[in-house]
>>> print(open('data_9.txt').read())   # compact mmCIF, N, CA and C atoms
# COMPACT_ATOMS: atom_id res chain seq x y z
N MET A 1050 187.95 139.17 187.67
CA MET A 1050 187.04 138.12 187.40
C MET A 1050 186.02 137.99 188.51
N SER A 1051 184.90 137.68 188.02
CA SER A 1051 183.80 137.59 188.97
C SER A 1051 183.55 136.13 189.31
N ILE A 1052 183.08 135.91 190.45
CA ILE A 1052 182.80 134.57 190.97
C ILE A 1052 181.47 134.03 190.45
N VAL A 1053 180.59 134.85 190.03
CA VAL A 1053 179.25 134.45 189.58
C VAL A 1053 179.33 133.57 188.33
N PRO A 1054 180.10 133.92 187.33
CA PRO A 1054 180.15 133.02 186.17
C PRO A 1054 180.71 131.66 186.55
N GLU A 1055 181.64 131.62 187.45
CA GLU A 1055 182.19 130.33 187.85
C GLU A 1055 181.15 129.50 188.60
N ILE A 1056 180.32 130.16 189.39
CA ILE A 1056 179.24 129.46 190.10
C ILE A 1056 178.23 128.96 189.09
N LYS A 1057 177.95 129.77 188.08
CA LYS A 1057 177.00 129.33 187.05
C LYS A 1057 177.56 128.13 186.32
N MET A 1058 178.85 128.18 186.00
CA MET A 1058 179.46 127.05 185.30
C MET A 1058 179.49 125.81 186.19
N LEU A 1059 179.78 126.03 187.45
CA LEU A 1059 179.79 124.93 188.41
C LEU A 1059 178.40 124.36 188.57
N THR A 1060 177.40 125.22 188.61
CA THR A 1060 176.01 124.77 188.72
C THR A 1060 175.63 123.97 187.49
N VAL A 1061 176.00 124.47 186.32
CA VAL A 1061 175.70 123.77 185.07
C VAL A 1061 176.39 122.41 185.07
N ALA A 1062 177.66 122.38 185.54
CA ALA A 1062 178.41 121.13 185.58
C ALA A 1062 177.77 120.15 186.56
N VAL A 1063 177.34 120.63 187.72
CA VAL A 1063 176.70 119.77 188.73
C VAL A 1063 175.37 119.25 188.19
N VAL A 1064 174.60 120.12 187.56
CA VAL A 1064 173.31 119.69 186.98
C VAL A 1064 173.56 118.68 185.88
N GLY A 1065 174.55 118.93 185.05
CA GLY A 1065 174.89 117.99 183.97
C GLY A 1065 175.33 116.64 184.54
N LEU A 1066 176.18 116.72 185.59
CA LEU A 1066 176.62 115.49 186.23
C LEU A 1066 175.45 114.75 186.86
N ALA A 1067 174.56 115.46 187.51
CA ALA A 1067 173.38 114.84 188.12
C ALA A 1067 172.49 114.22 187.04
N ALA A 1068 172.31 114.91 185.91
CA ALA A 1068 171.50 114.37 184.82
C ALA A 1068 172.16 113.13 184.24
N SER A 1069 173.50 113.15 184.12
CA SER A 1069 174.23 112.00 183.61
C SER A 1069 174.09 110.82 184.55
N LEU A 1070 174.21 111.09 185.85
CA LEU A 1070 174.04 110.02 186.84
C LEU A 1070 172.62 109.45 186.80
N ALA A 1071 171.64 110.32 186.68
CA ALA A 1071 170.24 109.86 186.62
C ALA A 1071 170.03 109.03 185.36
N GLY A 1072 170.59 109.48 184.24
CA GLY A 1072 170.47 108.74 182.98
C GLY A 1072 171.14 107.37 183.08
N ASN A 1073 172.36 107.37 183.66
CA ASN A 1073 173.06 106.10 183.84
C ASN A 1073 172.30 105.16 184.77
N ALA A 1074 171.74 105.70 185.83
CA ALA A 1074 170.96 104.88 186.76
C ALA A 1074 169.74 104.30 186.06
N LEU A 1075 169.05 105.11 185.27
CA LEU A 1075 167.88 104.65 184.53
C LEU A 1075 168.28 103.59 183.50
N GLN A 1076 169.38 103.83 182.82
CA GLN A 1076 169.86 102.87 181.83
C GLN A 1076 170.26 101.56 182.52
N GLY A 1077 170.90 101.63 183.64
CA GLY A 1077 171.27 100.44 184.40
C GLY A 1077 170.04 99.66 184.85
N HIS A 1078 169.04 100.40 185.34
CA HIS A 1078 167.79 99.76 185.78
C HIS A 1078 167.11 99.06 184.61
N LEU A 1079 167.04 99.72 183.45
CA LEU A 1079 166.42 99.11 182.27
C LEU A 1079 167.20 97.88 181.81
N TYR A 1080 168.54 97.96 181.89
CA TYR A 1080 169.37 96.81 181.51
C TYR A 1080 169.07 95.62 182.42
N LEU A 1081 168.99 95.87 183.72
CA LEU A 1081 168.72 94.79 184.66
C LEU A 1081 167.33 94.18 184.43
N GLN A 1082 166.35 95.00 184.13
CA GLN A 1082 165.02 94.48 183.83
C GLN A 1082 165.04 93.60 182.57
N GLN A 1083 165.75 94.07 181.54
CA GLN A 1083 165.87 93.28 180.30
C GLN A 1083 166.59 91.97 180.56
N ARG A 1084 167.66 92.02 181.34
CA ARG A 1084 168.42 90.82 181.65
C ARG A 1084 167.55 89.80 182.40
N ASP A 1085 166.79 90.28 183.38
CA ASP A 1085 165.90 89.39 184.15
C ASP A 1085 164.81 88.81 183.26
N ALA A 1086 164.25 89.63 182.39
CA ALA A 1086 163.21 89.15 181.47
C ALA A 1086 163.78 88.09 180.52
N LEU A 1087 164.99 88.32 180.04
CA LEU A 1087 165.63 87.36 179.14
C LEU A 1087 165.92 86.05 179.87
N THR A 1088 166.39 86.14 181.09
CA THR A 1088 166.66 84.93 181.89
C THR A 1088 165.36 84.15 182.13
N GLU A 1089 164.30 84.86 182.45
CA GLU A 1089 163.00 84.20 182.66
C GLU A 1089 162.49 83.57 181.37
N ALA A 1090 162.68 84.25 180.25
CA ALA A 1090 162.25 83.70 178.96
C ALA A 1090 163.05 82.44 178.61
N ARG A 1091 164.35 82.46 178.87
CA ARG A 1091 165.18 81.27 178.60
C ARG A 1091 164.73 80.10 179.49
N THR A 1092 164.45 80.39 180.75
CA THR A 1092 163.99 79.34 181.66
C THR A 1092 162.65 78.77 181.20
N THR A 1093 161.75 79.63 180.79
CA THR A 1093 160.44 79.19 180.29
C THR A 1093 160.62 78.35 179.03
N LEU A 1094 161.50 78.78 178.15
CA LEU A 1094 161.76 78.03 176.92
C LEU A 1094 162.33 76.65 177.24
N THR A 1095 163.25 76.57 178.18
CA THR A 1095 163.83 75.29 178.58
C THR A 1095 162.76 74.36 179.14
N HIS A 1096 161.91 74.90 180.03
CA HIS A 1096 160.84 74.09 180.62
C HIS A 1096 159.83 73.66 179.55
N SER A 1097 159.54 74.53 178.63
CA SER A 1097 158.61 74.19 177.55
C SER A 1097 159.20 73.09 176.66
N ALA A 1098 160.48 73.19 176.37
CA ALA A 1098 161.13 72.16 175.55
C ALA A 1098 161.12 70.82 176.28
N GLU A 1099 161.38 70.84 177.58
CA GLU A 1099 161.34 69.60 178.37
C GLU A 1099 159.94 69.02 178.39
N ALA A 1100 158.94 69.87 178.57
CA ALA A 1100 157.55 69.40 178.59
C ALA A 1100 157.15 68.84 177.23
N THR A 1101 157.59 69.49 176.17
CA THR A 1101 157.29 69.00 174.81
C THR A 1101 157.94 67.65 174.58
N ASP A 1102 159.19 67.51 175.01
CA ASP A 1102 159.90 66.24 174.87
C ASP A 1102 159.20 65.13 175.66
N LEU A 1103 158.79 65.45 176.87
CA LEU A 1103 158.07 64.48 177.71
C LEU A 1103 156.76 64.07 177.05
N ALA A 1104 156.03 65.02 176.53
CA ALA A 1104 154.76 64.73 175.85
C ALA A 1104 154.99 63.88 174.61
N GLN A 1105 156.06 64.16 173.87
CA GLN A 1105 156.38 63.38 172.67
C GLN A 1105 156.72 61.94 173.05
N ARG A 1106 157.52 61.78 174.12
CA ARG A 1106 157.86 60.42 174.55
C ARG A 1106 156.63 59.67 175.03
N ALA A 1107 155.73 60.36 175.73
CA ALA A 1107 154.49 59.73 176.19
C ALA A 1107 153.62 59.32 175.01
N ALA A 1108 153.54 60.17 174.01
CA ALA A 1108 152.74 59.85 172.82
C ALA A 1108 153.34 58.66 172.07
N ASN A 1109 154.66 58.61 171.96
CA ASN A 1109 155.32 57.49 171.30
C ASN A 1109 155.09 56.20 172.07
N SER A 1110 155.17 56.28 173.39
CA SER A 1110 154.92 55.10 174.22
C SER A 1110 153.48 54.63 174.07
N CYS A 1111 152.57 55.56 174.03
CA CYS A 1111 151.15 55.22 173.85
C CYS A 1111 150.93 54.57 172.50
N SER A 1112 151.53 55.11 171.46
CA SER A 1112 151.40 54.52 170.12
C SER A 1112 151.95 53.11 170.08
N ALA A 1113 153.10 52.90 170.72
CA ALA A 1113 153.69 51.56 170.76
C ALA A 1113 152.78 50.60 171.52
N SER A 1114 152.17 51.09 172.59
CA SER A 1114 151.25 50.24 173.37
C SER A 1114 150.02 49.88 172.55
N ILE A 1115 149.51 50.83 171.80
CA ILE A 1115 148.34 50.57 170.96
C ILE A 1115 148.68 49.54 169.89
N THR A 1116 149.87 49.66 169.31
CA THR A 1116 150.32 48.69 168.30
C THR A 1116 150.43 47.30 168.93
N ALA A 1117 151.02 47.24 170.12
CA ALA A 1117 151.16 45.95 170.81
C ALA A 1117 149.80 45.36 171.14
N LEU A 1118 148.86 46.20 171.57
CA LEU A 1118 147.51 45.73 171.86
C LEU A 1118 146.83 45.20 170.60
N GLY A 1119 147.03 45.87 169.48
CA GLY A 1119 146.46 45.40 168.22
C GLY A 1119 147.01 44.04 167.83
N THR A 1120 148.32 43.87 168.01
CA THR A 1120 148.95 42.59 167.71
C THR A 1120 148.40 41.50 168.64
N ALA A 1121 148.32 41.81 169.93
CA ALA A 1121 147.80 40.85 170.90
C ALA A 1121 146.34 40.50 170.59
N ALA A 1122 145.57 41.48 170.19
CA ALA A 1122 144.16 41.23 169.84
C ALA A 1122 144.05 40.32 168.63
N ALA A 1123 144.92 40.51 167.65
CA ALA A 1123 144.90 39.65 166.46
C ALA A 1123 145.26 38.22 166.84
N VAL A 1124 146.25 38.05 167.71
CA VAL A 1124 146.64 36.71 168.17
C VAL A 1124 145.47 36.07 168.93
N GLN A 1125 144.85 36.84 169.83
CA GLN A 1125 143.72 36.31 170.60
C GLN A 1125 142.54 35.95 169.69
N ALA A 1126 142.32 36.74 168.66
CA ALA A 1126 141.24 36.45 167.73
C ALA A 1126 141.51 35.13 167.01
N GLY A 1127 142.76 34.90 166.61
CA GLY A 1127 143.13 33.65 165.96
C GLY A 1127 142.94 32.46 166.89
N LEU A 1128 143.38 32.64 168.15
CA LEU A 1128 143.21 31.56 169.13
C LEU A 1128 141.73 31.30 169.40
N ALA A 1129 140.94 32.34 169.47
CA ALA A 1129 139.50 32.17 169.71
C ALA A 1129 138.85 31.45 168.54
N THR A 1130 139.26 31.75 167.33
CA THR A 1130 138.71 31.07 166.15
C THR A 1130 139.04 29.58 166.21
N GLN A 1131 140.28 29.26 166.55
CA GLN A 1131 140.67 27.85 166.68
C GLN A 1131 139.88 27.16 167.78
N ALA A 1132 139.71 27.84 168.90
CA ALA A 1132 138.97 27.26 170.02
C ALA A 1132 137.51 27.01 169.63
N ARG A 1133 136.90 27.95 168.90
CA ARG A 1133 135.50 27.76 168.45
C ARG A 1133 135.40 26.58 167.50
N GLU A 1134 136.35 26.47 166.58
CA GLU A 1134 136.34 25.35 165.63
C GLU A 1134 136.46 24.02 166.37
N PHE A 1135 137.38 23.97 167.35
CA PHE A 1135 137.55 22.75 168.13
C PHE A 1135 136.28 22.43 168.92
N ALA A 1136 135.70 23.46 169.54
CA ALA A 1136 134.48 23.26 170.33
C ALA A 1136 133.34 22.78 169.43
N ASN A 1137 133.24 23.32 168.22
CA ASN A 1137 132.18 22.87 167.29
C ASN A 1137 132.38 21.41 166.91
N LYS A 1138 133.64 20.99 166.64
CA LYS A 1138 133.91 19.59 166.31
C LYS A 1138 133.57 18.68 167.49
N LEU A 1139 133.98 19.11 168.67
CA LEU A 1139 133.71 18.31 169.86
C LEU A 1139 132.21 18.24 170.13
N ALA A 1140 131.52 19.35 169.93
CA ALA A 1140 130.06 19.35 170.11
C ALA A 1140 129.40 18.42 169.11
N GLY A 1141 129.93 18.38 167.89
CA GLY A 1141 129.40 17.45 166.87
C GLY A 1141 129.57 16.01 167.30
N LYS A 1142 130.75 15.69 167.87
CA LYS A 1142 130.98 14.33 168.35
C LYS A 1142 130.02 14.00 169.48
N HIS A 1143 129.85 14.94 170.39
CA HIS A 1143 128.95 14.71 171.53
C HIS A 1143 127.50 14.57 171.06
N ALA A 1144 127.13 15.37 170.09
CA ALA A 1144 125.76 15.28 169.55
C ALA A 1144 125.54 13.93 168.88
N ALA A 1145 126.55 13.47 168.14
CA ALA A 1145 126.43 12.16 167.49
C ALA A 1145 126.33 11.06 168.53
N ALA A 1146 127.15 11.17 169.59
CA ALA A 1146 127.07 10.15 170.66
C ALA A 1146 125.72 10.19 171.34
N ALA A 1147 125.20 11.40 171.57
CA ALA A 1147 123.89 11.52 172.20
C ALA A 1147 122.80 10.95 171.30
N ASP A 1148 122.89 11.22 170.00
CA ASP A 1148 121.90 10.66 169.06
C ASP A 1148 121.96 9.13 169.07
N LYS A 1149 123.18 8.60 169.12
CA LYS A 1149 123.33 7.14 169.15
C LYS A 1149 122.70 6.56 170.40
N ILE A 1150 122.97 7.21 171.54
CA ILE A 1150 122.41 6.73 172.81
C ILE A 1150 120.89 6.80 172.78
N LEU A 1151 120.38 7.92 172.28
CA LEU A 1151 118.92 8.10 172.27
C LEU A 1151 118.23 7.16 171.27
N SER A 1152 118.93 6.80 170.21
CA SER A 1152 118.31 5.93 169.21
C SER A 1152 118.48 4.44 169.52
N THR A 1153 119.36 4.11 170.48
CA THR A 1153 119.56 2.71 170.87
C THR A 1153 118.39 2.26 171.74
N PRO A 1154 117.82 1.12 171.43
CA PRO A 1154 116.72 0.64 172.25
C PRO A 1154 117.23 0.27 173.65
N PRO A 1155 116.39 0.31 174.64
CA PRO A 1155 116.82 -0.01 176.01
C PRO A 1155 117.38 -1.44 176.09
N ALA A 1156 118.45 -1.58 176.90
CA ALA A 1156 119.07 -2.90 177.08
C ALA A 1156 118.12 -3.84 177.81
N VAL A 1157 117.38 -3.29 178.73
CA VAL A 1157 116.40 -4.08 179.49
C VAL A 1157 115.05 -3.39 179.26
N PRO A 1158 114.25 -3.88 178.31
CA PRO A 1158 112.98 -3.23 178.03
C PRO A 1158 112.09 -3.18 179.27
N GLY A 1159 111.50 -2.01 179.51
CA GLY A 1159 110.60 -1.82 180.63
C GLY A 1159 111.30 -1.46 181.92
N ASN A 1160 112.63 -1.48 181.96
CA ASN A 1160 113.37 -1.14 183.19
C ASN A 1160 114.44 -0.11 182.82
N ASP A 1161 114.07 1.15 182.97
CA ASP A 1161 114.99 2.23 182.59
C ASP A 1161 116.26 2.24 183.44
N CYS A 1162 116.12 1.93 184.71
CA CYS A 1162 117.28 1.96 185.61
C CYS A 1162 118.27 0.86 185.21
N ALA A 1163 117.80 -0.33 184.98
CA ALA A 1163 118.69 -1.43 184.58
C ALA A 1163 119.30 -1.13 183.22
N SER A 1164 118.55 -0.51 182.30
CA SER A 1164 119.09 -0.15 180.99
C SER A 1164 120.21 0.87 181.13
N ALA A 1165 120.03 1.86 181.99
CA ALA A 1165 121.05 2.89 182.22
C ALA A 1165 122.30 2.26 182.82
N GLN A 1166 122.11 1.34 183.78
CA GLN A 1166 123.27 0.69 184.39
C GLN A 1166 124.03 -0.12 183.35
N ALA A 1167 123.32 -0.79 182.46
CA ALA A 1167 123.98 -1.57 181.42
C ALA A 1167 124.76 -0.65 180.47
N ARG A 1168 124.18 0.50 180.11
CA ARG A 1168 124.88 1.45 179.22
C ARG A 1168 126.14 1.99 179.88
N VAL A 1169 126.04 2.33 181.15
CA VAL A 1169 127.21 2.85 181.86
C VAL A 1169 128.29 1.78 181.93
N SER A 1170 127.90 0.55 182.21
CA SER A 1170 128.88 -0.55 182.25
C SER A 1170 129.56 -0.71 180.90
N ASP A 1171 128.80 -0.61 179.82
CA ASP A 1171 129.37 -0.71 178.47
C ASP A 1171 130.34 0.44 178.20
N MET A 1172 129.97 1.65 178.61
CA MET A 1172 130.83 2.83 178.39
C MET A 1172 132.14 2.68 179.16
N LEU A 1173 132.06 2.25 180.41
CA LEU A 1173 133.28 2.09 181.23
C LEU A 1173 134.19 1.03 180.65
N ALA A 1174 133.58 -0.06 180.17
CA ALA A 1174 134.37 -1.14 179.56
C ALA A 1174 135.05 -0.62 178.29
N ALA A 1175 134.37 0.21 177.50
CA ALA A 1175 134.96 0.78 176.28
C ALA A 1175 136.10 1.71 176.62
N ARG A 1176 136.00 2.45 177.67
CA ARG A 1176 137.07 3.37 178.08
C ARG A 1176 138.31 2.60 178.54
N LYS A 1177 138.09 1.49 179.24
CA LYS A 1177 139.23 0.69 179.67
C LYS A 1177 139.97 0.10 178.49
N LYS A 1178 139.24 -0.20 177.41
CA LYS A 1178 139.86 -0.75 176.20
C LYS A 1178 140.55 0.34 175.37
N GLY A 1179 140.28 1.62 175.70
CA GLY A 1179 140.90 2.72 174.96
C GLY A 1179 139.94 3.36 173.96
N GLY A 1180 138.69 3.10 174.09
CA GLY A 1180 137.70 3.73 173.21
C GLY A 1180 137.36 5.11 173.68
N ASP A 1181 136.31 5.69 173.14
CA ASP A 1181 135.87 7.04 173.52
C ASP A 1181 135.43 7.00 174.93
>>> encode(input="data_9.txt", output="structure tokens")
Amino acid sequence: MSIVPEIKMLTVAVVGLAASLAGNALQGHLYLQQRDALTEARTTLTHSAEATDLAQRAANSCSASITALGTAAAVQAGLATQAREFANKLAGKHAAAADKILSTPPAVPGNDCASAQARVSDMLAARKKGGD
């Protein structure tokens, strides 16, 4: 038997083993890259889901605030309408009182100051009695 065929077989076996090791190393490297990419994708998905949830909660809170503002605005509008009605009634009373004062002849003809003093005295006396 010759040693050359055994060396050829050994060489073929070593080359085959080296090719197998290189293939396994490449396959291992590709597996690790895929695993890292999958982990990164899962992390991104988790962060995206959290961000979406946060945005949804913010939108719901904003909608609730808008609804509350609408309700408050309606209440304020009602109060403002009541206040305007009251102010108009009060203005009517004041206008009537002013018309009465302006149409009343002076208490002391020819003396505006004495007439004004007499009117003020009459008003104060009416207030003490419980009048306007």
>>> atom_distance(input="data_9.txt", atom1="atom N of His1078 in chain A", atom2="atom C of Ala1090 in chain A")
20.1 Å
>>> atom_distance(input="data_9.txt", atom1="atom C of Arg1176 in chain A", atom2="CA of Gly1159 in chain A")
28.1 Å
>>> residues_around(input="data_9.txt", residues="range 1167-1169 of chain A", least_positions_apart="2", cutoff="9 Å", atoms="only C-alpha atoms", output="PDB file with N, CA and C atoms, in the coordinates of the input")
ATOM      1  N   ILE A1150     122.970   7.210 171.540  1.00  0.00           N
ATOM      2  CA  ILE A1150     122.410   6.730 172.810  1.00  0.00           C
ATOM      3  C   ILE A1150     120.890   6.800 172.780  1.00  0.00           C
ATOM      4  N   PRO A1155     116.390   0.310 174.640  1.00  0.00           N
ATOM      5  CA  PRO A1155     116.820  -0.010 176.010  1.00  0.00           C
ATOM      6  C   PRO A1155     117.380  -1.440 176.090  1.00  0.00           C
ATOM      7  N   ALA A1156     118.450  -1.580 176.900  1.00  0.00           N
ATOM      8  CA  ALA A1156     119.070  -2.900 177.080  1.00  0.00           C
ATOM      9  C   ALA A1156     118.120  -3.840 177.810  1.00  0.00           C
ATOM     10  N   VAL A1157     117.380  -3.290 178.730  1.00  0.00           N
ATOM     11  CA  VAL A1157     116.400  -4.080 179.490  1.00  0.00           C
ATOM     12  C   VAL A1157     115.050  -3.390 179.260  1.00  0.00           C
ATOM     13  N   CYS A1162     116.120   1.930 184.710  1.00  0.00           N
ATOM     14  CA  CYS A1162     117.280   1.960 185.610  1.00  0.00           C
ATOM     15  C   CYS A1162     118.270   0.860 185.210  1.00  0.00           C
ATOM     16  N   ALA A1163     117.800  -0.330 184.980  1.00  0.00           N
ATOM     17  CA  ALA A1163     118.690  -1.430 184.580  1.00  0.00           C
ATOM     18  C   ALA A1163     119.300  -1.130 183.220  1.00  0.00           C
ATOM     19  N   SER A1164     118.550  -0.510 182.300  1.00  0.00           N
ATOM     20  CA  SER A1164     119.090  -0.150 180.990  1.00  0.00           C
ATOM     21  C   SER A1164     120.210   0.870 181.130  1.00  0.00           C
ATOM     22  N   ALA A1165     120.030   1.860 181.990  1.00  0.00           N
ATOM     23  CA  ALA A1165     121.050   2.890 182.220  1.00  0.00           C
ATOM     24  C   ALA A1165     122.300   2.260 182.820  1.00  0.00           C
ATOM     25  N   ASP A1171     128.800  -0.610 179.820  1.00  0.00           N
ATOM     26  CA  ASP A1171     129.370  -0.710 178.470  1.00  0.00           C
ATOM     27  C   ASP A1171     130.340   0.440 178.200  1.00  0.00           C
ATOM     28  N   MET A1172     129.970   1.650 178.610  1.00  0.00           N
ATOM     29  CA  MET A1172     130.830   2.830 178.390  1.00  0.00           C
ATOM     30  C   MET A1172     132.140   2.680 179.160  1.00  0.00           C
ATOM     31  N   LEU A1173     132.060   2.250 180.410  1.00  0.00           N
ATOM     32  CA  LEU A1173     133.280   2.090 181.230  1.00  0.00           C
ATOM     33  C   LEU A1173     134.190   1.030 180.650  1.00  0.00           C
ATOM     34  N   ALA A1174     133.580  -0.060 180.170  1.00  0.00           N
ATOM     35  CA  ALA A1174     134.370  -1.140 179.560  1.00  0.00           C
ATOM     36  C   ALA A1174     135.050  -0.620 178.290  1.00  0.00           C
TER      37      ALA A1174
END
>>> atom_distance(input="data_9.txt", atom1="atom C of Gly1072 in chain A", atom2="atom C of Pro1054 in chain A")
26.3 Å
